[in-house]
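Colleague: Sharing protein.txt below, compact mmCIF, C-alpha atoms and all ligand atoms:
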# COMPACT_ATOMS: atom_id res chain seq x y z
CA MET A 19 -20.57 20.80 5.82
CA ILE A 20 -16.78 20.20 5.93
CA ALA A 21 -15.87 23.06 8.28
CA GLY A 22 -16.11 21.92 11.89
CA SER A 23 -16.81 18.26 11.03
CA ARG A 24 -14.67 15.53 12.58
CA VAL A 25 -13.06 13.42 9.89
CA LEU A 26 -10.86 10.32 10.05
CA VAL A 27 -8.66 9.56 7.02
CA THR A 28 -7.03 6.14 7.03
CA GLY A 29 -3.93 6.07 4.84
CA GLY A 30 -3.73 9.86 5.21
CA ALA A 31 0.06 9.84 4.80
CA GLY A 32 -0.30 8.28 1.35
CA PHE A 33 -0.59 10.03 -2.00
CA LEU A 34 -4.38 10.44 -2.27
CA GLY A 35 -4.98 10.58 1.48
CA SER A 36 -2.48 13.40 2.08
CA HIS A 37 -3.98 15.60 -0.64
CA LEU A 38 -7.45 14.99 0.82
CA CYS A 39 -6.26 15.79 4.35
CA THR A 40 -4.62 19.03 3.22
CA ARG A 41 -7.84 20.21 1.57
CA LEU A 42 -9.96 19.15 4.57
CA VAL A 43 -7.70 20.91 7.09
CA GLU A 44 -7.64 24.05 4.92
CA GLU A 45 -11.44 24.01 4.82
CA GLY A 46 -11.67 23.85 8.63
CA ALA A 47 -12.43 20.17 9.31
CA ASP A 48 -10.97 18.52 12.39
CA VAL A 49 -8.87 15.82 10.73
CA SER A 50 -7.29 12.68 12.20
CA VAL A 51 -5.05 10.36 10.21
CA LEU A 52 -4.58 6.65 10.95
CA ASP A 53 -1.54 5.36 9.08
CA ASN A 54 1.10 2.68 9.67
CA PHE A 55 3.61 4.45 7.36
CA SER A 56 4.25 1.30 5.33
CA SER A 57 4.18 3.40 2.15
CA GLY A 58 3.17 6.76 3.59
CA ASN A 59 5.43 9.55 4.78
CA LEU A 60 5.16 12.72 6.84
CA GLU A 61 6.67 14.97 4.15
CA ARG A 62 3.39 14.76 2.26
CA LEU A 63 1.65 16.28 5.29
CA GLU A 64 4.22 18.98 6.04
CA LYS A 65 1.81 21.85 5.20
CA ILE A 66 -0.69 20.76 7.88
CA VAL A 67 1.16 18.63 10.40
CA SER A 68 1.43 21.43 12.95
CA CYS A 69 -2.14 22.75 12.49
CA GLU A 70 -4.38 22.63 15.55
CA ASN A 71 -7.11 20.84 13.64
CA PHE A 72 -4.80 18.01 12.53
CA HIS A 73 -4.03 14.86 14.56
CA LEU A 74 -1.82 11.93 13.68
CA ILE A 75 -2.35 8.40 14.96
CA GLU A 76 0.38 5.96 14.05
CA GLY A 77 -1.39 2.62 13.94
CA ASP A 78 -2.85 -0.11 11.79
CA ILE A 79 -6.31 -0.66 10.30
CA THR A 80 -6.07 -4.33 11.26
CA ASN A 81 -5.55 -3.53 14.96
CA ALA A 82 -8.92 -3.36 16.75
CA GLU A 83 -7.71 -0.94 19.45
CA ASP A 84 -6.10 1.45 16.92
CA VAL A 85 -9.34 1.48 14.92
CA ARG A 86 -11.52 1.98 18.03
CA GLN A 87 -9.45 4.96 19.21
CA SER A 88 -9.37 6.51 15.74
CA VAL A 89 -13.09 6.20 14.94
CA LYS A 90 -14.22 7.50 18.35
CA ASP A 91 -16.03 10.87 18.09
CA THR A 92 -15.88 10.96 14.30
CA ASP A 93 -18.59 12.12 11.87
CA THR A 94 -16.97 10.92 8.65
CA VAL A 95 -14.53 8.11 7.83
CA LEU A 96 -12.52 8.19 4.60
CA HIS A 97 -10.88 4.79 4.24
CA PHE A 98 -7.85 5.06 1.95
CA ALA A 99 -5.30 2.81 3.70
CA ALA A 100 -4.28 -0.14 1.54
CA LYS A 101 -1.38 -2.13 0.26
CA VAL A 102 -1.57 -0.58 -3.17
CA GLY A 103 -0.75 -2.16 -6.48
CA VAL A 104 -1.33 -5.30 -8.48
CA ILE A 105 2.29 -6.49 -8.42
CA ARG A 106 2.61 -6.18 -4.66
CA ALA A 107 -0.70 -7.98 -4.14
CA ALA A 108 0.39 -10.77 -6.50
CA SER A 109 3.36 -11.63 -4.30
CA HIS A 110 1.57 -11.07 -0.97
CA GLY A 111 -1.91 -12.32 -1.91
CA ILE A 112 -3.10 -13.68 1.46
CA ASP A 113 -1.66 -10.70 3.26
CA VAL A 114 -3.50 -8.23 1.00
CA LEU A 115 -6.82 -10.07 1.29
CA ASP A 116 -6.42 -10.45 5.03
CA SER A 117 -5.56 -6.81 5.76
CA THR A 118 -8.18 -5.43 3.34
CA LEU A 119 -11.01 -7.51 4.79
CA LYS A 120 -9.98 -7.23 8.43
CA GLY A 121 -9.46 -3.47 8.02
CA ILE A 122 -12.81 -2.77 6.36
CA SER A 123 -14.78 -4.93 8.78
CA LEU A 124 -13.17 -3.28 11.86
CA LEU A 125 -13.71 0.20 10.43
CA LEU A 126 -17.34 -0.47 9.50
CA SER A 127 -18.27 -2.08 12.81
CA GLU A 128 -16.61 0.74 14.80
CA SER A 129 -18.38 3.26 12.54
CA VAL A 130 -21.74 1.73 13.48
CA ARG A 131 -20.82 1.73 17.17
CA GLY A 132 -19.59 5.34 16.97
CA GLU A 133 -22.62 6.52 14.98
CA VAL A 134 -20.51 7.72 12.06
CA LYS A 135 -22.73 9.48 9.52
CA THR A 136 -20.69 9.15 6.33
CA PHE A 137 -18.33 6.40 5.17
CA VAL A 138 -16.08 6.63 2.12
CA PHE A 139 -14.15 3.70 0.64
CA ALA A 140 -11.36 4.03 -1.94
CA SER A 141 -11.86 1.27 -4.48
CA SER A 142 -10.21 0.93 -7.86
CA SER A 143 -10.89 0.65 -11.60
CA GLU A 144 -9.09 -2.71 -11.32
CA VAL A 145 -12.46 -4.22 -10.27
CA TYR A 146 -13.62 -4.03 -13.92
CA GLY A 147 -10.79 -6.27 -15.19
CA GLU A 148 -10.54 -5.97 -18.99
CA PRO A 149 -13.74 -4.03 -19.70
CA LEU A 150 -16.34 -5.54 -22.02
CA ARG A 151 -17.07 -2.04 -23.30
CA LEU A 152 -15.60 1.43 -22.94
CA PRO A 153 -16.04 3.70 -21.09
CA SER A 154 -16.73 1.58 -17.97
CA ARG A 155 -19.93 2.34 -16.09
CA GLU A 156 -20.50 1.64 -12.42
CA ASP A 157 -23.12 -1.02 -13.20
CA ASP A 158 -20.90 -2.92 -15.66
CA PRO A 159 -19.96 -6.51 -14.77
CA LEU A 160 -16.95 -6.86 -12.47
CA VAL A 161 -14.24 -9.25 -13.62
CA PRO A 162 -11.44 -8.71 -11.09
CA ARG A 163 -8.23 -10.39 -12.19
CA SER A 164 -5.78 -9.78 -9.38
CA THR A 165 -5.90 -10.39 -5.63
CA TYR A 166 -5.81 -6.61 -5.20
CA ALA A 167 -8.98 -6.27 -7.30
CA VAL A 168 -10.73 -9.22 -5.64
CA ALA A 169 -10.06 -7.65 -2.23
CA LYS A 170 -11.53 -4.33 -3.45
CA VAL A 171 -14.71 -6.05 -4.74
CA ALA A 172 -15.19 -7.84 -1.41
CA ALA A 173 -14.67 -4.60 0.54
CA GLU A 174 -17.19 -2.79 -1.69
CA ARG A 175 -19.77 -5.50 -0.81
CA TYR A 176 -19.08 -5.08 2.93
CA CYS A 177 -19.72 -1.34 2.54
CA GLU A 178 -23.01 -1.99 0.77
CA GLU A 179 -24.13 -4.44 3.43
CA TYR A 180 -23.37 -2.03 6.30
CA ALA A 181 -24.97 0.90 4.48
CA THR A 182 -28.15 -1.12 3.93
CA LEU A 183 -28.30 -2.58 7.44
CA TYR A 184 -27.31 0.50 9.43
CA GLY A 185 -28.20 3.44 7.18
CA ILE A 186 -24.73 5.00 6.98
CA ASP A 187 -24.41 7.23 3.89
CA THR A 188 -21.66 5.48 1.97
CA CYS A 189 -19.66 6.34 -1.15
CA VAL A 190 -17.42 3.85 -2.89
CA PHE A 191 -15.07 5.65 -5.27
CA ARG A 192 -13.48 3.64 -8.07
CA TYR A 193 -10.36 5.65 -8.86
CA PHE A 194 -8.79 5.29 -12.27
CA ASN A 195 -5.19 6.51 -12.70
CA VAL A 196 -4.89 9.49 -10.39
CA TYR A 197 -1.56 11.34 -10.66
CA GLY A 198 0.03 14.42 -9.15
CA PRO A 199 2.83 15.71 -6.93
CA HIS A 200 4.06 13.36 -4.15
CA GLN A 201 3.03 10.16 -5.94
CA ASN A 202 5.49 7.34 -5.43
CA ASP A 203 7.68 6.05 -8.24
CA ASN A 204 5.80 2.76 -8.78
CA PHE A 205 3.45 4.56 -11.17
CA VAL A 206 4.02 5.39 -14.82
CA ILE A 207 3.77 9.20 -14.70
CA PRO A 208 6.31 9.76 -11.87
CA GLN A 209 8.59 7.21 -13.55
CA PHE A 210 8.47 8.98 -16.94
CA LEU A 211 8.91 12.40 -15.33
CA ARG A 212 12.01 11.29 -13.45
CA HIS A 213 13.49 9.78 -16.62
CA THR A 214 12.97 13.05 -18.53
CA LEU A 215 14.58 15.09 -15.77
CA LYS A 216 17.67 12.89 -15.99
CA GLY A 217 17.62 13.02 -19.81
CA GLU A 218 17.04 9.26 -19.94
CA VAL A 219 15.14 7.19 -22.50
CA LEU A 220 11.40 6.75 -21.78
CA PRO A 221 10.64 3.01 -21.77
CA VAL A 222 7.17 2.27 -23.17
CA TYR A 223 5.97 -1.32 -22.79
CA GLY A 224 4.89 -3.14 -25.97
CA SER A 225 3.55 -0.91 -28.73
CA GLY A 226 2.34 1.74 -26.29
CA ALA A 227 -1.22 1.34 -27.60
CA GLN A 228 -2.50 0.48 -24.10
CA THR A 229 -4.72 3.24 -22.78
CA ARG A 230 -5.37 4.67 -19.33
CA ASP A 231 -7.69 7.30 -17.90
CA PHE A 232 -5.41 9.79 -16.11
CA SER A 233 -6.94 12.30 -13.74
CA TYR A 234 -5.13 15.06 -11.91
CA ILE A 235 -5.10 14.83 -8.11
CA ASP A 236 -6.89 18.17 -7.55
CA ASP A 237 -9.77 17.02 -9.76
CA ALA A 238 -9.99 13.68 -7.92
CA VAL A 239 -9.96 15.45 -4.54
CA PHE A 240 -12.63 17.91 -5.70
CA LEU A 241 -14.93 15.12 -6.93
CA THR A 242 -14.35 12.99 -3.81
CA LEU A 243 -15.24 15.72 -1.32
CA GLU A 244 -18.07 17.18 -3.37
CA ALA A 245 -19.70 13.77 -3.97
CA MET A 246 -19.15 12.76 -0.33
CA ASN A 247 -21.08 15.85 0.80
CA ARG A 248 -23.94 15.43 -1.66
CA ASN A 249 -24.35 11.65 -1.57
CA ARG A 250 -27.22 10.00 0.29
CA GLY A 251 -27.53 6.24 0.80
CA PHE A 252 -25.10 3.80 -0.82
CA ASN A 253 -23.54 4.68 -4.14
CA ILE A 254 -20.55 3.72 -6.27
CA TYR A 255 -18.88 6.41 -8.37
CA ASN A 256 -16.13 6.25 -10.98
CA VAL A 257 -13.48 8.93 -10.50
CA GLY A 258 -11.50 9.68 -13.65
CA SER A 259 -11.21 12.22 -16.43
CA GLY A 260 -13.51 10.37 -18.82
CA GLU A 261 -10.77 10.41 -21.46
CA ASN A 262 -8.29 7.74 -22.43
CA THR A 263 -4.69 8.32 -23.42
CA SER A 264 -2.31 5.77 -24.91
CA LEU A 265 1.01 5.26 -23.15
CA LYS A 266 2.77 6.20 -26.39
CA LYS A 267 0.91 9.53 -26.43
CA LEU A 268 1.70 10.05 -22.74
CA ALA A 269 5.42 9.49 -23.37
CA GLU A 270 5.37 11.88 -26.35
CA LEU A 271 3.58 14.55 -24.32
CA ILE A 272 6.02 14.26 -21.40
CA SER A 273 8.96 14.37 -23.77
CA SER A 274 7.61 17.53 -25.45
CA LEU A 275 7.20 19.23 -22.04
CA SER A 276 10.73 18.55 -20.86
CA ILE A 277 13.58 20.99 -21.49
CA LYS A 278 15.25 18.55 -23.85
CA GLU A 279 13.16 16.12 -25.92
CA CYS A 280 13.67 12.52 -24.80
CA GLU A 281 14.03 9.39 -26.82
CA ILE A 282 11.17 6.88 -26.51
CA ALA A 283 12.02 3.17 -26.58
CA PHE A 284 9.45 0.41 -27.02
CA VAL A 285 10.48 -2.38 -24.68
CA GLU A 286 9.22 -5.83 -23.71
CA LEU A 287 6.42 -5.95 -21.14
CA ASP A 288 7.52 -5.84 -17.51
CA ARG A 289 8.19 -9.46 -16.58
CA ARG A 290 7.59 -8.78 -12.88
CA ARG A 291 3.95 -8.08 -13.68
CA PRO A 292 1.89 -11.26 -14.14
CA GLN A 293 0.65 -11.13 -17.74
CA GLU A 294 -2.77 -12.52 -16.85
CA TYR A 295 -3.35 -9.34 -14.79
CA GLU A 296 -2.51 -6.98 -17.66
CA ILE A 297 -5.41 -4.74 -18.63
CA ILE A 298 -5.18 -3.18 -22.10
CA HIS A 299 -7.73 -0.38 -21.96
CA ARG A 300 -9.22 1.79 -19.26
CA GLN A 301 -11.64 4.67 -19.51
CA ALA A 302 -14.15 5.87 -16.94
CA ASP A 303 -17.72 6.86 -17.64
CA ILE A 304 -17.94 9.77 -15.18
CA SER A 305 -21.51 10.85 -15.96
CA LYS A 306 -22.82 9.61 -12.58
CA ILE A 307 -20.41 11.67 -10.48
CA VAL A 308 -20.63 14.71 -12.78
CA SER A 309 -24.42 14.72 -12.60
CA LEU A 310 -24.14 14.70 -8.79
CA CYS A 311 -21.38 17.33 -8.48
CA GLY A 312 -21.95 19.47 -11.56
CA THR A 313 -19.28 20.46 -14.04
CA PHE A 314 -15.98 21.76 -12.69
CA PRO A 315 -12.82 23.27 -14.17
CA ARG A 316 -10.74 20.21 -15.01
CA HIS A 317 -6.99 20.13 -15.42
CA SER A 318 -5.92 18.95 -18.87
CA LEU A 319 -3.27 16.22 -18.92
CA GLU A 320 -0.76 18.76 -20.19
CA GLU A 321 -1.48 21.21 -17.34
CA GLY A 322 -1.30 18.47 -14.72
CA LEU A 323 1.98 17.09 -16.08
CA LYS A 324 3.55 20.57 -16.12
CA THR A 325 2.68 21.04 -12.44
CA CYS A 326 4.18 17.64 -11.58
CA LEU A 327 7.37 18.45 -13.50
CA GLU A 328 7.73 21.79 -11.70
CA ALA A 329 7.24 20.05 -8.33
CA LEU A 330 10.09 17.67 -9.12
CA MET A 331 12.57 20.35 -10.24
N1 LIG B 401 -3.52 6.44 -6.81
C1 LIG B 401 -4.44 5.92 -7.64
O1 LIG B 401 -4.50 6.25 -8.82
C2 LIG B 401 -5.45 4.90 -7.12
C3 LIG B 401 -6.20 4.20 -8.08
C4 LIG B 401 -7.13 3.28 -7.63
C5 LIG B 401 -7.34 3.10 -6.26
N2 LIG B 401 -6.60 3.79 -5.35
C6 LIG B 401 -6.87 3.53 -3.94
O2 LIG B 401 -6.76 4.74 -3.19
C7 LIG B 401 -6.17 4.48 -1.91
C8 LIG B 401 -4.94 5.35 -1.72
O3 LIG B 401 -4.00 5.06 -2.77
P1 LIG B 401 -2.62 5.85 -2.88
O4 LIG B 401 -2.26 5.87 -4.30
O5 LIG B 401 -2.71 7.11 -2.12
O6 LIG B 401 -1.63 4.81 -2.13
P2 LIG B 401 -0.46 5.08 -1.07
O7 LIG B 401 0.34 3.80 -0.98
O8 LIG B 401 0.27 6.32 -1.40
O9 LIG B 401 -1.27 5.29 0.29
C9 LIG B 401 -1.72 4.23 1.11
C10 LIG B 401 -1.51 4.63 2.54
O10 LIG B 401 -2.04 3.60 3.40
C11 LIG B 401 -1.11 3.34 4.44
N3 LIG B 401 -1.35 1.96 4.88
C12 LIG B 401 -1.18 0.82 4.16
N4 LIG B 401 -1.56 -0.25 4.89
C13 LIG B 401 -1.99 0.22 6.10
C14 LIG B 401 -2.49 -0.39 7.27
N5 LIG B 401 -2.63 -1.73 7.36
N6 LIG B 401 -2.84 0.38 8.33
C15 LIG B 401 -2.69 1.74 8.25
N7 LIG B 401 -2.20 2.38 7.15
C16 LIG B 401 -1.86 1.63 6.10
C17 LIG B 401 0.26 3.56 3.82
O11 LIG B 401 1.29 3.80 4.76
C18 LIG B 401 -0.02 4.78 2.92
O12 LIG B 401 0.18 5.98 3.65
C19 LIG B 401 -5.89 2.99 -1.85
O13 LIG B 401 -6.97 2.33 -1.22
C20 LIG B 401 -5.84 2.59 -3.33
O14 LIG B 401 -6.19 1.23 -3.51
C21 LIG B 401 -5.64 4.68 -5.76
Spell out the structure here as structure tokens.
Modeller:
Amino acid sequence: MIAGSRVLVTGGAGFLGSHLCTRLVEEGADVSVLDNFSSGNLERLEKIVSCENFHLIEGDITNAEDVRQSVKDTDTVLHFAAKVGVIRAASHGIDVLDSTLKGISLLLSESVRGEVKTFVFASSSEVYGEPLRLPSREDDPLVPRSTYAVAKVAAERYCEEYATLYGIDTCVFRYFNVYGPHQNDNFVIPQFLRHTLKGEVLPVYGSGAQTRDFSYIDDAVFLTLEAMNRNRGFNIYNVGSGENTSLKKLAELISSLSIKECEIAFVELDRRRPQEYEIIHRQADISKIVSLCGTFPRHSLEEGLKTCLEALM
């Protein structure tokens, strides 16, 4: 189903988008990327940038003409472009809401006009807020706390409305903490890895009891493409490992993998991050996506971290 299909990936020069594009190009899809390079870069695409079945469009999801040109003659749209992160959204709230909503509505309306068959939207575990129970299931109540999360909830609803009205098969993926090579340094795993390589102290906020569900990029890409191919109608899927790891345990694991064990320091919470947005625990219930895709060989956290460390050396 992938080979020969025409696929548009918005945000394809970003972390998740570039890994997806690489897999799609390798599997024989005709892939176009629409990216404004605000946080993306071409290095992530170096393996495929000169392939015949890869095309780059430098443009913006909020520009109607850029979106029209990009969606034309496309079978599948994977919408991954976003201003990512709770902190960034907190200081540019209107901007994040505006670009998220304008982008999704342009992409969906052009997808209807262009008779796109499959639409994929990258949402986030942030939509759950502080979960009422763990692990979080797709039908749990949404309590978004940040502008970033509110924008994701609204975009999910747009997707549902278009899928219902126009019959486009649509997947909304709620990614938990995906990590892997080429991730930018705003995230905890690349930060810790860089500290260990320099022999620096690993700063863990608070007691380090906060938990996250870390999933390795190859697993997230596998689940995304497999579910996208099998899905019919409108569905929301959690994408995670199904396991939760405390930040203290993460720091200890990274320290044990580095050449020289690192000191771990428990420091005050990051003051740049609005405290009302802090989420203590995260864990995905992945039974819905696993029952659709079947079991698959998952990377353990240790394996994934080793690969990231090697990529940085
Ligand atoms: N990485 C994760 O663990 C994670 C978790 C939850 C959700 N997500 C979602 O997955 C998607 C990709 O995340 P990522 O981690 O790869 O982020 P990223 O910042 O690496 O990638 C985002 C890409 O979008 C591009 N972009 C931003 N605004 C744009 C615009 N207006 N027009 C065109 N391009 C634009 C950027 O240049 C960048 O290449 C995002 O929608 C994000 O919200 C990611």
Colleague: Can you tell me how far atom CA of A:Glu261 sits from atom CA of A:Ala167, in Å to one decimal?
Modeller: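 Spanning atom CA of A:Glu261 to atom CA of A:Ala167 is a straight-line distance of 22.0 Å.
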Colleague: Using all atoms listed in the file, which protein or nucleic acid residues come within 7 Å of stretch 74-82 of chain A? Drop anything in the same chain fewer than 5 positions from it, and give the result as a list in words.
Modeller: Ser50, Val51, Leu52, Asp53, Asn54, Ser117, Lys120, Gly121 and Leu124 of chain A
Colleague: Of the candidates A:Gly224, A:Gly312, A:Gly260, A:Gly58, which shows the shortest atom-to-atom distance to A:Ala283, using only C-alpha atoms?
Modeller: A:Gly224
Colleague: Using all atoms listed in the file, find each protein or nucleic acid residue lying at most 6 Å from ligand LIG 401 (chain B); present the set as a ChimeraX atom specification.
Modeller: /A:29-35,52-58,77-80,98-102,140-142,193-196
Colleague: By how many Å are atom CA of A:Val85 and atom CA of A:Leu125 apart?
Modeller: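 These two atoms are separated by 6.4 Å.
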Colleague: Kindly extract all protein, DNA and RNA residues lying within 8 Å of the coordinates (-9.2, 11.0, -21.5) given in the file, considering all atoms listed in the file, and supply them as JSON, numbers by chain.
Modeller: {"A": [230, 231, 232, 259, 260, 261, 262, 263, 301]}
Colleague: I need the residues from that last selection saved to file as a JSON list (two decimals), in the coordinates of the input (with C-alpha atoms), if you can.
Modeller:
[["chain", "number", "residue", "atom", "x", "y", "z"],
["A", 230, "ARG", "CA", -5.37, 4.67, -19.33],
["A", 231, "ASP", "CA", -7.69, 7.30, -17.90],
["A", 232, "PHE", "CA", -5.41, 9.79, -16.11],
["A", 259, "SER", "CA", -11.21, 12.22, -16.43],
["A", 260, "GLY", "CA", -13.51, 10.37, -18.82],
["A", 261, "GLU", "CA", -10.77, 10.41, -21.46],
["A", 262, "ASN", "CA", -8.29, 7.74, -22.43],
["A", 263, "THR", "CA", -4.69, 8.32, -23.42],
["A", 301, "GLN", "CA", -11.64, 4.67, -19.51]]
Colleague: Between atom CA of A:His213 and atom CA of A:Lys65, measure the distance and give it in Å to one decimal.
Modeller: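 Going from atom CA of A:His213 over to atom CA of A:Lys65 covers 27.5 Å.
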Colleague: Have a look at A:Ile298, A:Glu148, A:Ser68, A:Val168 and name the one nearest to A:Val114; count all atoms listed in the file.
Modeller: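 The answer is A:Val168, which sits nearest to A:Val114.
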Colleague: Choose the residue, out of A:Glu144, A:Asp84, A:Glu296, A:Glu156, that has the smallest atom-to-atom separation from A:Tyr223; count all atoms listed in the file.
Modeller: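 Answer, going by the shortest atom-to-atom distance: A:Glu296.
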Colleague: When you count all atoms listed in the file, which of these residues is closest to A:Asn247: A:Glu179, A:Thr188, A:Cys69, A:Thr92?
Modeller: A:Thr188
Colleague: Using all atoms listed in the file, which residue out of A:Leu152, A:Val138, A:Leu211, A:Cys311 lies closest to A:Ser273?
Modeller: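 Using all atoms listed in the file, A:Ser273 sits closest to A:Leu211.
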Colleague: How close does each residue of stretch 283-325 of chain A get to stretch 274-279 of chain A, giving the shortest atom pair and distance in Å to one decimal for every residue with an atom at most 9 Å away, counting all atoms listed in the file, sorted by chain and residue number, as JSON lines?
Modeller:
{"residue": "A:Glu320", "atom": "CA", "partner": "A:Leu275", "partner_atom": "CA", "distance": 8.2}
{"residue": "A:Leu323", "atom": "CA", "partner": "A:Leu275", "partner_atom": "CA", "distance": 8.2}
{"residue": "A:Lys324", "atom": "CA", "partner": "A:Leu275", "partner_atom": "CA", "distance": 7.1}
Colleague: Between A:Gly103, A:Pro149, A:Gly22, A:Pro159, which one has atoms that come closest to A:Ile297, using only C-alpha atoms?
Modeller: A:Pro149
Colleague: Show which residues sit within 12 Å of A:Thr313, as a list in words. Count all atoms listed in the file, and ignore same-chain residues fewer than 6 positions away.
Modeller: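 The residues satisfying every condition are Asp237, Phe240, Leu241, Glu244, Ser259, Ile304, Ser305, Lys306 and Ile307 of chain A.
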Colleague: Give, as AutoDock Vina command-line options, the centre coordinates and the x, y and z edge lengths in Å to one decimal for an axis-aligned box around all listed atoms of stretch 134-137 of chain A, padded by 3 Å on each side.
Modeller:
--center_x -20.5 --center_y 7.9 --center_z 8.6 --size_x 10.4 --size_y 9.1 --size_z 12.9
Colleague: Give me, as a ChimeraX atom specification, all polymer residues having an atom no more than 8 Å from A:Leu119, counting all atoms listed in the file and skipping those fewer than 2 positions away in the same chain.
Modeller: /A:115-117,121-123,169,172-173
Colleague: If we count all atoms listed in the file and set the cut-off at 9 Å, which residues sit around A:Pro221, ignoring sequence neighbours fewer than 3 positions away in its own chain? Please answer as a ChimeraX atom specification.
Modeller: /A:210,213,269,281-285
Colleague: Please reconstruct the missing atoms of stretch 130-143 of chain A (target: N, CA, C and O atoms) and return them as a compact mmCIF listing (two decimals), keeping the file's coordinate frame.
Modeller:
# COMPACT_ATOMS: atom_id res chain seq x y z
N VAL A 130 -20.35 1.93 13.00
CA VAL A 130 -21.74 1.73 13.48
C VAL A 130 -21.80 2.05 14.96
O VAL A 130 -22.64 2.82 15.42
N ARG A 131 -20.84 1.49 15.72
CA ARG A 131 -20.82 1.73 17.17
C ARG A 131 -20.68 3.23 17.48
O ARG A 131 -21.31 3.75 18.38
N GLY A 132 -19.85 3.91 16.70
CA GLY A 132 -19.59 5.34 16.97
C GLY A 132 -20.58 6.28 16.29
O GLY A 132 -20.38 7.48 16.30
N GLU A 133 -21.59 5.71 15.65
CA GLU A 133 -22.62 6.52 14.98
C GLU A 133 -22.04 7.48 13.94
O GLU A 133 -22.43 8.66 13.85
N VAL A 134 -21.08 6.96 13.18
CA VAL A 134 -20.51 7.72 12.06
C VAL A 134 -21.61 7.96 11.03
O VAL A 134 -22.42 7.07 10.77
N LYS A 135 -21.62 9.16 10.44
CA LYS A 135 -22.73 9.48 9.52
C LYS A 135 -22.38 9.16 8.07
O LYS A 135 -23.25 8.81 7.27
N THR A 136 -21.09 9.33 7.73
CA THR A 136 -20.69 9.15 6.33
C THR A 136 -19.45 8.28 6.25
O THR A 136 -18.49 8.52 6.98
N PHE A 137 -19.48 7.29 5.35
CA PHE A 137 -18.33 6.40 5.17
C PHE A 137 -17.92 6.45 3.70
O PHE A 137 -18.77 6.37 2.81
N VAL A 138 -16.61 6.58 3.48
CA VAL A 138 -16.08 6.63 2.12
C VAL A 138 -15.04 5.53 1.96
O VAL A 138 -14.17 5.38 2.82
N PHE A 139 -15.14 4.76 0.88
CA PHE A 139 -14.15 3.70 0.64
C PHE A 139 -13.47 3.92 -0.71
O PHE A 139 -14.14 4.10 -1.72
N ALA A 140 -12.13 3.88 -0.70
CA ALA A 140 -11.36 4.03 -1.94
C ALA A 140 -11.22 2.68 -2.62
O ALA A 140 -10.43 1.83 -2.19
N SER A 141 -12.00 2.48 -3.68
CA SER A 141 -11.86 1.27 -4.48
C SER A 141 -11.04 1.62 -5.73
O SER A 141 -10.39 2.67 -5.77
N SER A 142 -11.11 0.75 -6.73
CA SER A 142 -10.21 0.93 -7.86
C SER A 142 -10.86 0.48 -9.17
O SER A 142 -11.70 -0.43 -9.18
N SER A 143 -10.43 1.08 -10.27
CA SER A 143 -10.89 0.65 -11.60
C SER A 143 -10.48 -0.78 -11.89
O SER A 143 -11.02 -1.41 -12.82
